[in-house]
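A.B. asks: You'll find run.cif just under this line, and it carries mmCIF, C-alpha atoms.
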```
data_start
#
loop_
_atom_site.label_atom_id
_atom_site.label_comp_id
_atom_site.auth_asym_id
_atom_site.auth_seq_id
_atom_site.Cartn_x
_atom_site.Cartn_y
_atom_site.Cartn_z
CA MET A 169 21.57 8.12 14.84
CA ARG A 170 18.14 8.20 16.44
CA THR A 171 17.03 11.43 18.09
CA HIS A 172 13.63 10.18 19.25
CA ASP A 173 13.14 9.20 22.87
CA ASP A 174 11.10 5.99 22.99
CA ALA A 175 9.78 7.08 26.38
CA VAL A 176 7.53 9.70 24.79
CA GLU A 177 5.63 7.18 22.68
CA ILE A 178 1.96 7.07 23.57
CA HIS A 179 1.39 3.32 23.64
CA SER A 180 3.06 1.40 26.44
CA THR A 181 4.34 -2.13 25.89
CA SER A 182 2.60 -3.13 29.14
CA THR A 183 -0.81 -2.52 27.54
CA PRO A 184 -2.17 -5.04 24.99
CA LEU A 185 -2.55 -3.36 21.61
CA LEU A 186 -6.28 -3.88 21.29
CA ARG A 187 -6.82 -2.33 24.75
CA SER A 188 -4.80 0.74 23.88
CA SER A 189 -7.09 3.62 22.92
CA PRO A 190 -4.40 5.43 20.87
CA PHE A 191 -3.66 2.31 18.84
CA VAL A 192 -7.35 1.48 18.31
CA ARG A 193 -7.88 5.01 17.02
CA LEU A 194 -4.86 4.73 14.74
CA TRP A 195 -6.02 1.29 13.55
CA THR A 196 -9.50 2.65 12.81
CA GLY A 197 -8.20 5.61 10.83
CA THR A 198 -5.71 3.54 8.86
CA MET A 199 -8.31 0.91 8.05
CA ALA A 200 -10.83 3.55 6.95
CA SER A 201 -8.30 5.11 4.59
CA GLY A 202 -7.36 1.69 3.22
CA VAL A 203 -10.96 0.72 2.57
CA ALA A 204 -11.72 4.08 0.95
CA THR A 205 -8.66 3.72 -1.27
CA TRP A 206 -9.67 0.23 -2.35
CA ALA A 207 -13.38 0.95 -2.78
CA LEU A 208 -13.20 3.89 -5.20
CA PRO A 209 -12.04 1.92 -8.29
CA PHE A 210 -14.57 -0.83 -7.49
CA ILE A 211 -17.45 1.64 -7.21
CA LEU A 212 -16.41 3.43 -10.39
CA GLY A 213 -16.37 0.03 -12.09
CA LEU A 214 -19.97 -0.48 -10.95
CA ALA A 215 -20.74 2.94 -12.46
CA VAL A 216 -19.65 1.56 -15.84
CA LEU A 217 -22.04 -1.35 -15.42
CA ASP A 218 -25.00 0.95 -14.73
CA ARG A 219 -23.90 3.23 -17.62
CA SER A 220 -23.13 6.27 -15.47
CA LEU A 221 -19.63 6.07 -16.96
CA THR A 222 -18.09 4.69 -20.13
CA GLY A 223 -14.95 2.59 -20.12
CA VAL A 224 -12.94 5.53 -21.46
CA GLN A 225 -14.26 7.83 -18.73
CA LEU A 226 -13.38 5.23 -16.09
CA GLY A 227 -9.83 5.17 -17.43
CA VAL A 228 -9.62 8.96 -17.26
CA LEU A 229 -10.80 9.06 -13.64
CA LEU A 230 -8.44 6.31 -12.51
CA ALA A 231 -5.53 7.93 -14.35
CA THR A 232 -6.14 11.36 -12.79
CA ARG A 233 -6.46 9.72 -9.37
CA THR A 234 -3.06 8.07 -9.87
CA VAL A 235 -1.51 11.38 -10.96
CA GLY A 236 -2.89 13.02 -7.81
CA PHE A 237 -1.40 10.24 -5.69
CA LEU A 238 2.04 10.55 -7.28
CA ALA A 239 2.02 14.34 -7.01
CA ALA A 240 1.09 14.33 -3.32
CA VAL A 241 3.29 11.56 -1.94
CA PRO A 242 6.67 13.36 -1.94
CA VAL A 243 5.19 16.70 -0.84
CA SER A 244 3.26 15.14 2.02
CA GLY A 245 6.33 13.28 3.21
CA VAL A 246 8.13 16.60 3.57
CA LEU A 247 5.18 18.29 5.28
CA ALA A 248 4.63 15.40 7.70
CA ASP A 249 8.27 15.60 8.78
CA ARG A 250 8.26 19.41 9.01
CA TYR A 251 5.07 19.88 10.96
CA SER A 252 2.83 17.15 12.38
CA ARG A 253 2.04 13.65 11.14
CA ARG A 254 -1.38 13.91 12.80
CA LYS A 255 -2.18 17.20 11.05
CA THR A 256 -1.04 15.79 7.71
CA VAL A 257 -3.42 12.86 8.16
CA LEU A 258 -6.21 15.25 9.21
CA TRP A 259 -5.94 17.59 6.24
CA SER A 260 -5.33 14.87 3.66
CA GLY A 261 -8.36 12.93 4.93
CA LEU A 262 -10.56 16.04 4.98
CA MET A 263 -9.43 16.92 1.47
CA ALA A 264 -10.46 13.49 0.16
CA ALA A 265 -13.70 13.51 2.19
CA PHE A 266 -14.90 16.88 0.89
CA VAL A 267 -14.40 16.06 -2.81
CA ALA A 268 -16.29 12.74 -2.63
CA PRO A 269 -19.69 14.52 -2.83
CA VAL A 270 -18.34 16.57 -5.76
CA MET A 271 -17.54 13.37 -7.62
CA ALA A 272 -20.94 11.92 -6.68
CA MET A 273 -22.81 14.92 -8.09
CA SER A 274 -20.69 15.32 -11.23
CA LEU A 275 -20.18 11.69 -12.21
CA ASP A 276 -22.73 11.61 -15.04
CA ARG A 277 -22.75 15.37 -15.67
CA SER A 278 -19.21 16.70 -16.00
CA LEU A 279 -16.19 14.50 -16.67
CA LEU A 280 -13.88 17.46 -16.08
CA LEU A 281 -15.28 18.12 -12.61
CA ALA A 282 -15.30 14.42 -11.73
CA ALA A 283 -11.69 14.11 -12.90
CA ALA A 284 -10.69 17.09 -10.76
CA ALA A 285 -12.34 15.41 -7.76
CA ALA A 286 -10.52 12.14 -8.57
CA PHE A 287 -7.22 14.03 -8.67
CA VAL A 288 -7.85 15.61 -5.26
CA MET A 289 -8.97 12.29 -3.80
CA GLY A 290 -5.83 10.62 -5.13
CA ALA A 291 -3.79 13.43 -3.61
CA GLY A 292 -5.48 12.86 -0.25
CA GLN A 293 -4.69 9.16 -0.48
CA GLY A 294 -1.07 9.85 -1.39
CA ALA A 295 -0.69 12.45 1.35
CA CYS A 296 -1.89 10.21 4.16
CA ARG A 297 0.16 7.08 3.37
CA PRO A 298 3.62 8.27 4.52
CA ALA A 299 2.07 10.25 7.39
CA PHE A 300 0.29 7.13 8.70
CA GLN A 301 3.55 5.17 8.56
CA ALA A 302 5.36 7.81 10.58
CA LEU A 303 2.44 8.25 12.99
CA THR A 304 2.52 4.52 13.77
CA ALA A 305 6.10 4.92 14.97
CA GLU A 306 4.98 7.72 17.28
CA VAL A 307 1.95 5.92 18.71
CA VAL A 308 3.28 2.37 19.18
CA ALA A 309 6.44 1.46 21.07
CA GLU A 310 9.07 -0.36 19.02
CA PRO A 311 8.68 -3.86 20.55
CA GLN A 312 5.03 -4.02 19.45
CA ARG A 313 5.23 -2.32 16.07
CA GLN A 314 5.43 -5.53 14.07
CA GLN A 315 2.26 -6.76 15.76
CA ALA A 316 0.65 -3.36 15.17
CA ASN A 317 1.55 -3.33 11.48
CA ALA A 318 0.23 -6.87 11.13
CA ALA A 319 -3.05 -5.91 12.84
CA ILE A 320 -3.53 -2.98 10.47
CA THR A 321 -2.75 -5.14 7.43
CA LEU A 322 -5.06 -7.89 8.68
CA ALA A 323 -7.98 -5.47 9.02
CA VAL A 324 -7.54 -4.08 5.52
CA ARG A 325 -7.21 -7.58 4.00
CA VAL A 326 -10.37 -8.81 5.75
CA THR A 327 -12.24 -5.79 4.45
CA THR A 328 -11.05 -6.24 0.88
CA LEU A 329 -12.11 -9.89 1.06
CA VAL A 330 -15.71 -9.23 2.11
CA ALA A 331 -16.24 -5.72 0.77
CA PRO A 332 -16.77 -6.57 -2.94
CA THR A 333 -19.80 -8.69 -2.08
CA LEU A 334 -21.16 -6.13 0.37
CA THR A 335 -20.63 -3.25 -2.05
CA ALA A 336 -22.30 -5.14 -4.88
CA LEU A 337 -25.27 -5.87 -2.61
CA LEU A 338 -25.44 -2.22 -1.54
CA ALA A 339 -25.41 -1.17 -5.19
CA VAL A 340 -28.67 -3.07 -5.63
CA VAL A 341 -30.48 -0.90 -3.09
CA VAL A 342 -28.60 2.43 -3.24
CA SER A 343 -27.23 4.49 -6.10
CA ILE A 344 -23.61 4.95 -7.11
CA PRO A 345 -23.61 8.57 -5.86
CA VAL A 346 -24.70 7.34 -2.42
CA LEU A 347 -21.81 4.86 -2.39
CA LEU A 348 -19.44 7.71 -3.26
CA TRP A 349 -20.82 9.69 -0.32
CA GLY A 350 -19.94 6.62 1.73
CA ILE A 351 -16.35 6.91 0.47
CA GLY A 352 -16.37 10.47 1.77
CA ALA A 353 -17.58 9.26 5.16
CA LEU A 354 -14.72 6.75 5.32
CA TRP A 355 -12.21 9.49 4.59
CA LEU A 356 -13.79 11.59 7.33
CA VAL A 357 -13.20 8.74 9.77
CA ALA A 358 -9.61 8.45 8.52
CA ALA A 359 -9.12 12.17 9.14
CA LEU A 360 -10.67 12.40 12.60
CA ALA A 361 -10.04 9.04 14.29
CA PRO A 362 -6.22 8.89 14.73
CA PRO A 363 -4.68 10.18 17.96
CA ALA A 364 -2.10 12.92 18.28
CA GLY A 365 1.43 11.65 17.85
CA ALA A 366 4.42 12.17 20.09
CA GLY A 367 6.64 13.88 17.51
CA SER A 368 7.50 17.54 17.43
CA PRO A 369 8.02 19.78 14.38
CA VAL A 370 11.48 20.35 12.98
CA PRO A 371 12.80 23.75 14.17
CA SER A 372 12.13 26.46 11.60
CA ALA A 373 15.81 27.28 11.21
CA THR A 374 16.40 23.83 9.68
CA ARG A 375 13.59 24.02 7.12
CA PRO A 376 14.91 24.49 3.56
CA ASN A 377 12.64 24.34 0.50
CA ILE A 378 10.56 21.28 -0.28
CA LEU A 379 12.94 19.88 -2.92
CA ALA A 380 15.91 20.20 -0.59
CA ASP A 381 13.89 18.59 2.21
CA PHE A 382 12.92 15.68 -0.01
CA ALA A 383 16.54 15.29 -1.16
CA ASP A 384 17.51 15.08 2.49
CA GLY A 385 15.05 12.21 2.85
CA VAL A 386 16.63 10.47 -0.15
CA ARG A 387 20.04 10.82 1.49
CA GLU A 388 18.63 9.27 4.66
CA ALA A 389 17.26 6.35 2.61
CA ARG A 390 20.64 5.82 0.95
CA ARG A 391 22.25 5.66 4.39
CA HIS A 392 20.49 2.29 4.80
CA PRO A 393 21.74 -0.14 2.09
CA TRP A 394 19.13 -2.74 3.09
CA PHE A 395 16.37 -0.20 2.40
CA VAL A 396 17.70 0.72 -1.03
CA ALA A 397 18.14 -2.94 -1.99
CA GLY A 398 14.73 -3.98 -0.62
CA LEU A 399 12.94 -1.09 -2.31
CA ALA A 400 14.60 -1.95 -5.62
CA ALA A 401 13.46 -5.56 -5.26
CA LEU A 402 9.90 -4.58 -4.33
CA THR A 403 9.69 -2.14 -7.23
CA ALA A 404 10.96 -4.79 -9.65
CA VAL A 405 8.43 -7.39 -8.46
CA ILE A 406 5.51 -4.97 -8.67
CA ALA A 407 6.52 -3.50 -12.04
CA THR A 408 7.01 -6.92 -13.65
CA GLY A 409 5.25 -9.73 -11.80
CA TYR A 410 2.19 -7.78 -10.67
CA SER A 411 1.81 -6.03 -14.02
CA ALA A 412 2.20 -9.17 -16.12
CA THR A 413 -0.28 -11.20 -14.10
CA PHE A 414 -2.86 -8.40 -14.04
CA VAL A 415 -2.73 -8.38 -17.85
CA VAL A 416 -2.45 -12.14 -18.47
CA LEU A 417 -4.73 -13.58 -15.76
CA PRO A 418 -8.02 -12.18 -17.18
CA LEU A 419 -7.05 -13.45 -20.65
CA ALA A 420 -6.05 -16.88 -19.37
CA SER A 421 -9.21 -17.14 -17.28
CA ARG A 422 -11.38 -16.41 -20.32
CA ASP A 423 -9.48 -18.08 -23.17
CA ARG A 424 -7.75 -21.04 -21.50
CA TYR A 425 -10.31 -21.98 -18.85
CA GLY A 426 -13.51 -20.73 -20.48
CA SER A 427 -14.85 -18.31 -17.85
CA GLU A 428 -13.98 -15.49 -15.49
CA ALA A 429 -14.20 -17.83 -12.49
CA LEU A 430 -10.42 -18.30 -12.29
CA LEU A 431 -9.91 -14.52 -12.19
CA ALA A 432 -12.28 -14.11 -9.24
CA ALA A 433 -10.91 -17.19 -7.44
CA ALA A 434 -7.29 -16.07 -7.88
CA MET A 435 -7.94 -12.63 -6.38
CA THR A 436 -9.80 -14.23 -3.49
CA THR A 437 -7.13 -16.82 -2.74
CA TYR A 438 -4.42 -14.16 -2.91
CA THR A 439 -6.25 -12.16 -0.23
CA ILE A 440 -6.75 -15.30 1.87
CA GLY A 441 -3.04 -15.98 1.60
CA ALA A 442 -2.27 -12.41 2.66
CA LEU A 443 -4.53 -12.83 5.69
CA ALA A 444 -2.63 -15.97 6.64
CA GLY A 445 0.68 -14.20 6.12
CA ALA A 446 -0.35 -11.29 8.35
CA MET A 447 -1.40 -13.69 11.12
CA ILE A 448 1.87 -15.61 10.86
CA ILE A 449 4.13 -12.56 10.93
CA ALA A 450 2.23 -10.98 13.83
CA ARG A 451 3.87 -13.61 16.08
CA TRP A 452 6.81 -15.00 14.12
CA ARG A 453 10.21 -13.38 14.69
CA PRO A 454 12.76 -15.13 12.44
CA ARG A 455 16.42 -14.61 13.25
CA ALA A 456 17.28 -13.37 9.75
CA GLN A 457 14.16 -11.25 9.40
CA GLY A 458 15.31 -9.43 6.29
CA TRP A 459 16.19 -12.60 4.41
CA SER A 460 12.88 -14.18 5.44
CA ALA A 461 11.01 -11.11 4.20
CA LEU A 462 12.82 -11.10 0.86
CA ALA A 463 12.18 -14.83 0.47
CA GLY A 464 8.49 -14.09 1.03
CA LEU A 465 8.59 -11.36 -1.62
CA SER A 466 10.15 -13.76 -4.13
CA LEU A 467 7.17 -16.11 -3.79
CA TYR A 468 5.26 -13.83 -6.16
CA GLY A 469 7.40 -15.32 -8.91
CA LEU A 470 5.26 -18.46 -8.59
CA VAL A 471 2.31 -16.56 -10.06
CA PRO A 472 3.74 -15.76 -13.53
CA LEU A 473 5.37 -19.20 -13.43
CA SER A 474 1.97 -20.84 -12.91
CA LEU A 475 0.55 -18.94 -15.89
CA PHE A 476 3.56 -19.78 -18.03
CA LEU A 477 2.09 -23.03 -19.36
CA PRO A 478 -1.38 -24.62 -19.23
CA MET A 479 -1.80 -25.98 -15.71
CA HIS A 480 -4.58 -27.27 -13.54
CA PRO A 481 -6.44 -24.26 -12.06
CA GLY A 482 -5.72 -25.60 -8.58
CA LEU A 483 -1.99 -25.08 -9.11
CA ILE A 484 -2.58 -21.49 -10.16
CA LEU A 485 -4.70 -20.84 -7.08
CA ALA A 486 -2.02 -22.44 -4.89
CA ALA A 487 0.53 -20.05 -6.39
CA TYR A 488 -1.70 -17.10 -5.53
CA VAL A 489 -2.12 -18.32 -1.94
CA LEU A 490 1.65 -18.60 -1.51
CA ALA A 491 2.18 -15.20 -3.13
CA GLY A 492 -0.35 -13.65 -0.73
CA ILE A 493 1.39 -15.21 2.27
CA GLY A 494 4.74 -14.04 0.97
CA ILE A 495 3.77 -10.43 0.38
CA GLU A 496 2.75 -9.97 4.02
CA LEU A 497 5.83 -11.83 5.25
CA PHE A 498 7.63 -9.01 3.44
CA ASN A 499 5.38 -6.01 4.03
CA VAL A 500 5.02 -6.16 7.80
CA PRO A 501 8.75 -6.57 8.66
CA TRP A 502 9.59 -4.00 5.96
CA PHE A 503 7.34 -1.33 7.48
CA THR A 504 8.49 -2.23 10.99
CA ALA A 505 12.17 -2.05 10.09
CA THR A 506 11.72 1.30 8.35
CA GLN A 507 9.97 2.70 11.43
CA ARG A 508 12.77 1.36 13.65
CA GLU A 509 15.88 2.20 11.64
CA VAL A 510 15.15 5.47 9.87
CA GLU A 511 15.84 8.78 11.58
CA PRO A 512 12.43 9.68 13.13
CA THR A 513 12.46 13.27 11.82
CA LYS A 514 12.89 11.90 8.26
CA LEU A 515 10.63 8.85 8.46
CA ALA A 516 7.71 10.30 6.48
CA ARG A 517 10.01 11.36 3.64
CA VAL A 518 11.64 7.93 3.44
CA SER A 519 8.19 6.29 3.53
CA SER A 520 7.03 8.60 0.74
CA LEU A 521 9.99 7.48 -1.37
CA ASP A 522 8.92 3.88 -0.71
CA PHE A 523 5.35 4.45 -1.92
CA LEU A 524 6.44 6.68 -4.80
CA LEU A 525 8.74 4.10 -6.34
CA SER A 526 7.11 0.79 -5.44
CA TYR A 527 3.47 1.60 -6.13
CA GLY A 528 3.95 4.75 -8.20
CA LEU A 529 5.82 2.89 -10.93
CA ALA A 530 3.19 0.13 -11.17
CA PRO A 531 1.22 1.99 -13.90
CA VAL A 532 4.43 2.24 -15.92
CA GLY A 533 4.81 -1.52 -15.72
CA LEU A 534 1.22 -2.03 -16.81
CA ALA A 535 1.71 0.34 -19.74
CA LEU A 536 4.78 -1.56 -20.94
CA ILE A 537 3.66 -5.15 -20.33
CA ALA A 538 0.76 -5.19 -22.80
CA PRO A 539 2.87 -4.01 -25.79
CA ALA A 540 5.60 -6.45 -24.75
CA ILE A 541 3.10 -9.32 -24.82
CA ASP A 542 1.91 -8.25 -28.27
CA GLN A 543 5.51 -8.11 -29.49
CA PHE A 544 7.07 -11.18 -27.85
CA GLY A 545 4.12 -13.26 -26.67
CA ALA A 546 2.73 -13.93 -23.22
CA THR A 547 4.95 -16.97 -22.60
CA ALA A 548 8.20 -15.06 -23.08
CA VAL A 549 7.04 -12.09 -21.01
CA LEU A 550 5.84 -14.30 -18.15
CA ALA A 551 9.14 -16.19 -18.15
CA VAL A 552 11.13 -12.96 -17.87
CA CYS A 553 8.83 -11.60 -15.17
CA ALA A 554 9.11 -14.81 -13.13
CA MET A 555 12.91 -14.63 -13.33
CA VAL A 556 12.87 -10.99 -12.19
CA CYS A 557 10.58 -11.84 -9.24
CA PHE A 558 13.02 -14.52 -8.08
CA ALA A 559 16.27 -12.72 -8.95
CA ALA A 560 15.53 -9.21 -7.57
CA PRO A 561 14.92 -10.32 -3.93
CA ALA A 562 17.91 -12.68 -4.16
CA ALA A 563 20.12 -9.79 -5.29
CA ALA A 564 18.77 -7.63 -2.43
CA ALA A 565 19.56 -10.42 0.05
CA ALA A 566 23.21 -10.27 -1.07
CA VAL A 567 23.52 -6.81 0.52
CA PRO A 568 25.01 -7.55 3.98
CA SER A 569 22.65 -5.35 6.02
CA SER A 570 19.63 -7.03 4.37
CA ARG A 571 19.96 -10.06 6.63
CA GLY A 572 18.16 -8.34 9.48
CA PHE A 573 16.99 -5.11 7.81
CA THR A 574 19.40 -3.24 10.07
CA VAL A 575 22.90 -1.79 9.86
CA ARG A 576 23.71 -3.06 13.34
#
```
Will you turn the file into structure tokens for me?
C.D. replies:
Amino acid sequence: MRTHDDAVEIHSTSTPLLRSSPFVRLWTGTMASGVATWALPFILGLAVLDRSLTGVQLGVLLATRTVGFLAAVPVSGVLADRYSRRKTVLWSGLMAAFVAPVMAMSLDRSLLLAAAAAFVMGAGQGACRPAFQALTAEVVAEPQRQQANAAITLAVRVTTLVAPTLTALLAVVVSIPVLLWGIGALWLVAALAPPAGAGSPVPSATRPNILADFADGVREARRHPWFVAGLAALTAVIATGYSATFVVLPLASRDRYGSEALLAAAMTTYTIGALAGAMIIARWRPRAQGWSALAGLSLYGLVPLSLFLPMHPGLILAAYVLAGIGIELFNVPWFTATQREVEPTKLARVSSLDFLLSYGLAPVGLALIAPAIDQFGATAVLAVCAMVCFAAPAAAAAVPSSRGFTVR
């Protein structure tokens, strides 16, 4: 049962989103954090090209960043629900901002220090994700949250489409450490830009320890069968379909088609598809929103299917476009439904469980897919992954409350 009074939300439905100062500030902070999150691996990859890092060192930094993310997500979900979503965003952003110069100065001097900075930056990233999700529910009134989530997604997708070229051009005129300082500046914007939310801390008498608090969030998630089923489907698609294609696509691009052009084109068309999907779902309100979202998620199965056998590159790119459209047809209603249905005082914890399982298990999938390909061959692995991508959302759709992502 909801205990949050929609009347205290900052943004009014009578004000267009882009004219609402609180939403614009939230949008700016969320976009800055998303760009900073995306840019770090890209910039570290450029550091390998200019020999500031070796490939092994790059792997160490990305691994420690992932560990920091996974360690921070559940803790931050508890803290954001206990205290203030705005303060959680502030401190997580400041934490990531202040270690960016440390990484910049230690990158080619001390791997240990750079790895420590990567861990802290990953922790800042992990800490802000569930807090931003909960803060959106405080800042934007329920009728406009789907449009708000789509606007945030659209901004991040546009940035990831144009940013590789801009970053590569910047790398010609400025050094890698300067680009890392820029990452710190983005995290500073993410920390300072968002508005105060409308939520209030949980009374101190109801605060048990962190593990008990997180377990309470898990119980809240289990109270929504559609959420459990949808999260299981999303996790399955990411752990199999995403992982398999990230391993196979570079090999297919090089060995089957003779260059890396297909790899670059596929990533670009996927982002273009996601942009289209975000624009569609900003306005579209299907009757069976949950089923439509799960159908969109299942479209990722077209990607391993397109790599299953030698095909014209155009068919592979078409599969990536459809997969990009589908992922946003899922993501935006999924976030919106979670913000609407979950008990507001437990929203950050439930969101942290979402990020922990769906994106946190992705490295596990990547670690298992490569040995599986060596053992059984790429064709067999892609076939299994395609079947999982189609079957997992279909199984989730069989849960009655999944039809509309609501128990009502």
A.B. asks: Using all atoms listed in the file, which residue out of A:Pro209, A:Gly261, A:Gly202, A:Gly494 lies closest to A:Leu356?
C.D. replies: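 Of A:Pro209, A:Gly261, A:Gly202, A:Gly494, the one nearest A:Leu356, counting all atoms listed in the file, is A:Gly261.
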A.B. asks: Using all atoms listed in the file, which residues sit within 10 Å of A:Leu279 once same-chain residues fewer than 6 positions away are excluded, as a ChimeraX atom specification?
C.D. replies: /A:221,225-226,228-229,271,285
A.B. asks: Go through A:Leu194, A:Ala302, A:Leu186, A:Met273 one by one, measure the shortest atom-to-atom distance of each to A:Thr504 using all atoms listed in the file, and give the residue with the smallest value.
C.D. replies: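 Among the listed residues, A:Ala302 lies closest to A:Thr504.
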A.B. asks: Please expand the PyMOL selection byres ((chain A and resi 407) around 8) into the concrete residues it hits in this file, giving the result as a ChimeraX atom specification.
C.D. replies: /A:403-406,408-411,526,529-534
A.B. asks: Any chance you could resolve the PyMOL selection byres ((chain A and resi 508) around 10) against this file and give the residues as a PyMOL selection string?
C.D. replies: chain A and resi 170+305+309-311+313+502-507+509-512+515+573-574
A.B. asks: Please expand the PyMOL selection byres ((chain A and resi 546) around 12) into the concrete residues it hits in this file, giving the result as a list in words.
C.D. replies: Ala412, Thr413, Val415, Val416, Leu417, Leu419, Ala420, Pro472, Leu473, Leu475, Phe476, Leu477, Ile537, Ala538, Pro539, Ala540, Ile541, Asp542, Gln543, Phe544, Gly545, Thr547, Ala548, Val549, Leu550, Ala551, Val552, Cys553 and Ala554 of chain A
A.B. asks: Generate a file of the selected residues that holds C-alpha atoms, formatted as a PDB file, in the frame of the given file.
C.D. replies:
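Output (selection_27.pdb):
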```
ATOM      1  CA  ALA A 412       2.200  -9.170 -16.120  1.00  0.00           C
ATOM      2  CA  THR A 413      -0.280 -11.200 -14.100  1.00  0.00           C
ATOM      3  CA  VAL A 415      -2.730  -8.380 -17.850  1.00  0.00           C
ATOM      4  CA  VAL A 416      -2.450 -12.140 -18.470  1.00  0.00           C
ATOM      5  CA  LEU A 417      -4.730 -13.580 -15.760  1.00  0.00           C
ATOM      6  CA  LEU A 419      -7.050 -13.450 -20.650  1.00  0.00           C
ATOM      7  CA  ALA A 420      -6.050 -16.880 -19.370  1.00  0.00           C
ATOM      8  CA  PRO A 472       3.740 -15.760 -13.530  1.00  0.00           C
ATOM      9  CA  LEU A 473       5.370 -19.200 -13.430  1.00  0.00           C
ATOM     10  CA  LEU A 475       0.550 -18.940 -15.890  1.00  0.00           C
ATOM     11  CA  PHE A 476       3.560 -19.780 -18.030  1.00  0.00           C
ATOM     12  CA  LEU A 477       2.090 -23.030 -19.360  1.00  0.00           C
ATOM     13  CA  ILE A 537       3.660  -5.150 -20.330  1.00  0.00           C
ATOM     14  CA  ALA A 538       0.760  -5.190 -22.800  1.00  0.00           C
ATOM     15  CA  PRO A 539       2.870  -4.010 -25.790  1.00  0.00           C
ATOM     16  CA  ALA A 540       5.600  -6.450 -24.750  1.00  0.00           C
ATOM     17  CA  ILE A 541       3.100  -9.320 -24.820  1.00  0.00           C
ATOM     18  CA  ASP A 542       1.910  -8.250 -28.270  1.00  0.00           C
ATOM     19  CA  GLN A 543       5.510  -8.110 -29.490  1.00  0.00           C
ATOM     20  CA  PHE A 544       7.070 -11.180 -27.850  1.00  0.00           C
ATOM     21  CA  GLY A 545       4.120 -13.260 -26.670  1.00  0.00           C
ATOM     22  CA  THR A 547       4.950 -16.970 -22.600  1.00  0.00           C
ATOM     23  CA  ALA A 548       8.200 -15.060 -23.080  1.00  0.00           C
ATOM     24  CA  VAL A 549       7.040 -12.090 -21.010  1.00  0.00           C
ATOM     25  CA  LEU A 550       5.840 -14.300 -18.150  1.00  0.00           C
ATOM     26  CA  ALA A 551       9.140 -16.190 -18.150  1.00  0.00           C
ATOM     27  CA  VAL A 552      11.130 -12.960 -17.870  1.00  0.00           C
ATOM     28  CA  CYS A 553       8.830 -11.600 -15.170  1.00  0.00           C
ATOM     29  CA  ALA A 554       9.110 -14.810 -13.130  1.00  0.00           C
TER      30      ALA A 554
END
```
A.B. asks: To one decimal in Å, tell me the separation between atom CA of A:Thr256 and atom CA of A:Ala397.
C.D. replies: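 Atom-to-atom, atom CA of A:Thr256 to atom CA of A:Ala397, that is 28.5 Å.
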A.B. asks: Rank nothing, just name the residue among A:Gly385, A:Gly197, A:Pro561, A:Pro568 nearest to A:Leu354, using only C-alpha atoms.
C.D. replies: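 Using only C-alpha atoms, the shortest distance to A:Leu354 belongs to A:Gly197.
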A.B. asks: One decimal, Å: what's the distance from atom CA of A:Ile351 over to atom CA of A:Pro269, could you say?
C.D. replies: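 One can read the atom CA of A:Ile351 to atom CA of A:Pro269 distance as 8.9 Å.
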A.B. asks: Any idea what's packed within 12 Å of A:Arg455, counting all atoms listed in the file, ignoring anything in its chain fewer than 6 positions away? Could you give it as a ChimeraX atom specification?
C.D. replies: /A:461,571-573
A.B. asks: Work out how far atom CA of A:Ile378 is from atom CA of A:Val243, in Å to one decimal.
C.D. replies: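 Interatomic distance, atom CA of A:Val243 to atom CA of A:Ile378: 7.1 Å.
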A.B. asks: Just checking: using only C-alpha atoms, which residue out of A:Leu185, A:Leu230, A:Leu329, A:Leu247 ends up closest to A:Ala283?
C.D. replies: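 The answer is A:Leu230, which sits nearest to A:Ala283.
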A.B. asks: So that I can look at just that part, could you write stretch 258-278 of chain A with C-alpha atoms, as an mmCIF file, in the first residue's frame?
C.D. replies:
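Result went into selection-v4.cif, see below:
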```cif
data_model
loop_
_atom_site.group_PDB
_atom_site.id
_atom_site.type_symbol
_atom_site.label_atom_id
_atom_site.label_comp_id
_atom_site.auth_asym_id
_atom_site.auth_seq_id
_atom_site.Cartn_x
_atom_site.Cartn_y
_atom_site.Cartn_z
ATOM 1 C CA LEU A 258 25.224 14.256 -3.827
ATOM 2 C CA TRP A 259 27.725 12.163 -1.903
ATOM 3 C CA SER A 260 28.027 9.419 -4.514
ATOM 4 C CA GLY A 261 28.643 12.024 -7.229
ATOM 5 C CA LEU A 262 31.191 13.891 -5.118
ATOM 6 C CA MET A 263 32.948 10.631 -4.312
ATOM 7 C CA ALA A 264 33.324 9.790 -8.007
ATOM 8 C CA ALA A 265 34.284 13.383 -8.892
ATOM 9 C CA PHE A 266 37.084 13.637 -6.340
ATOM 10 C CA VAL A 267 38.817 10.384 -7.356
ATOM 11 C CA ALA A 268 38.871 11.230 -11.084
ATOM 12 C CA PRO A 269 41.955 13.480 -10.646
ATOM 13 C CA VAL A 270 43.590 10.693 -8.611
ATOM 14 C CA MET A 271 43.126 8.309 -11.523
ATOM 15 C CA ALA A 272 44.386 10.959 -13.950
ATOM 16 C CA MET A 273 47.597 11.498 -11.990
ATOM 17 C CA SER A 274 48.273 7.824 -11.233
ATOM 18 C CA LEU A 275 47.299 6.231 -14.544
ATOM 19 C CA ASP A 276 50.833 5.674 -15.842
ATOM 20 C CA ARG A 277 52.537 5.739 -12.436
ATOM 21 C CA SER A 278 50.750 3.451 -9.990
#
```
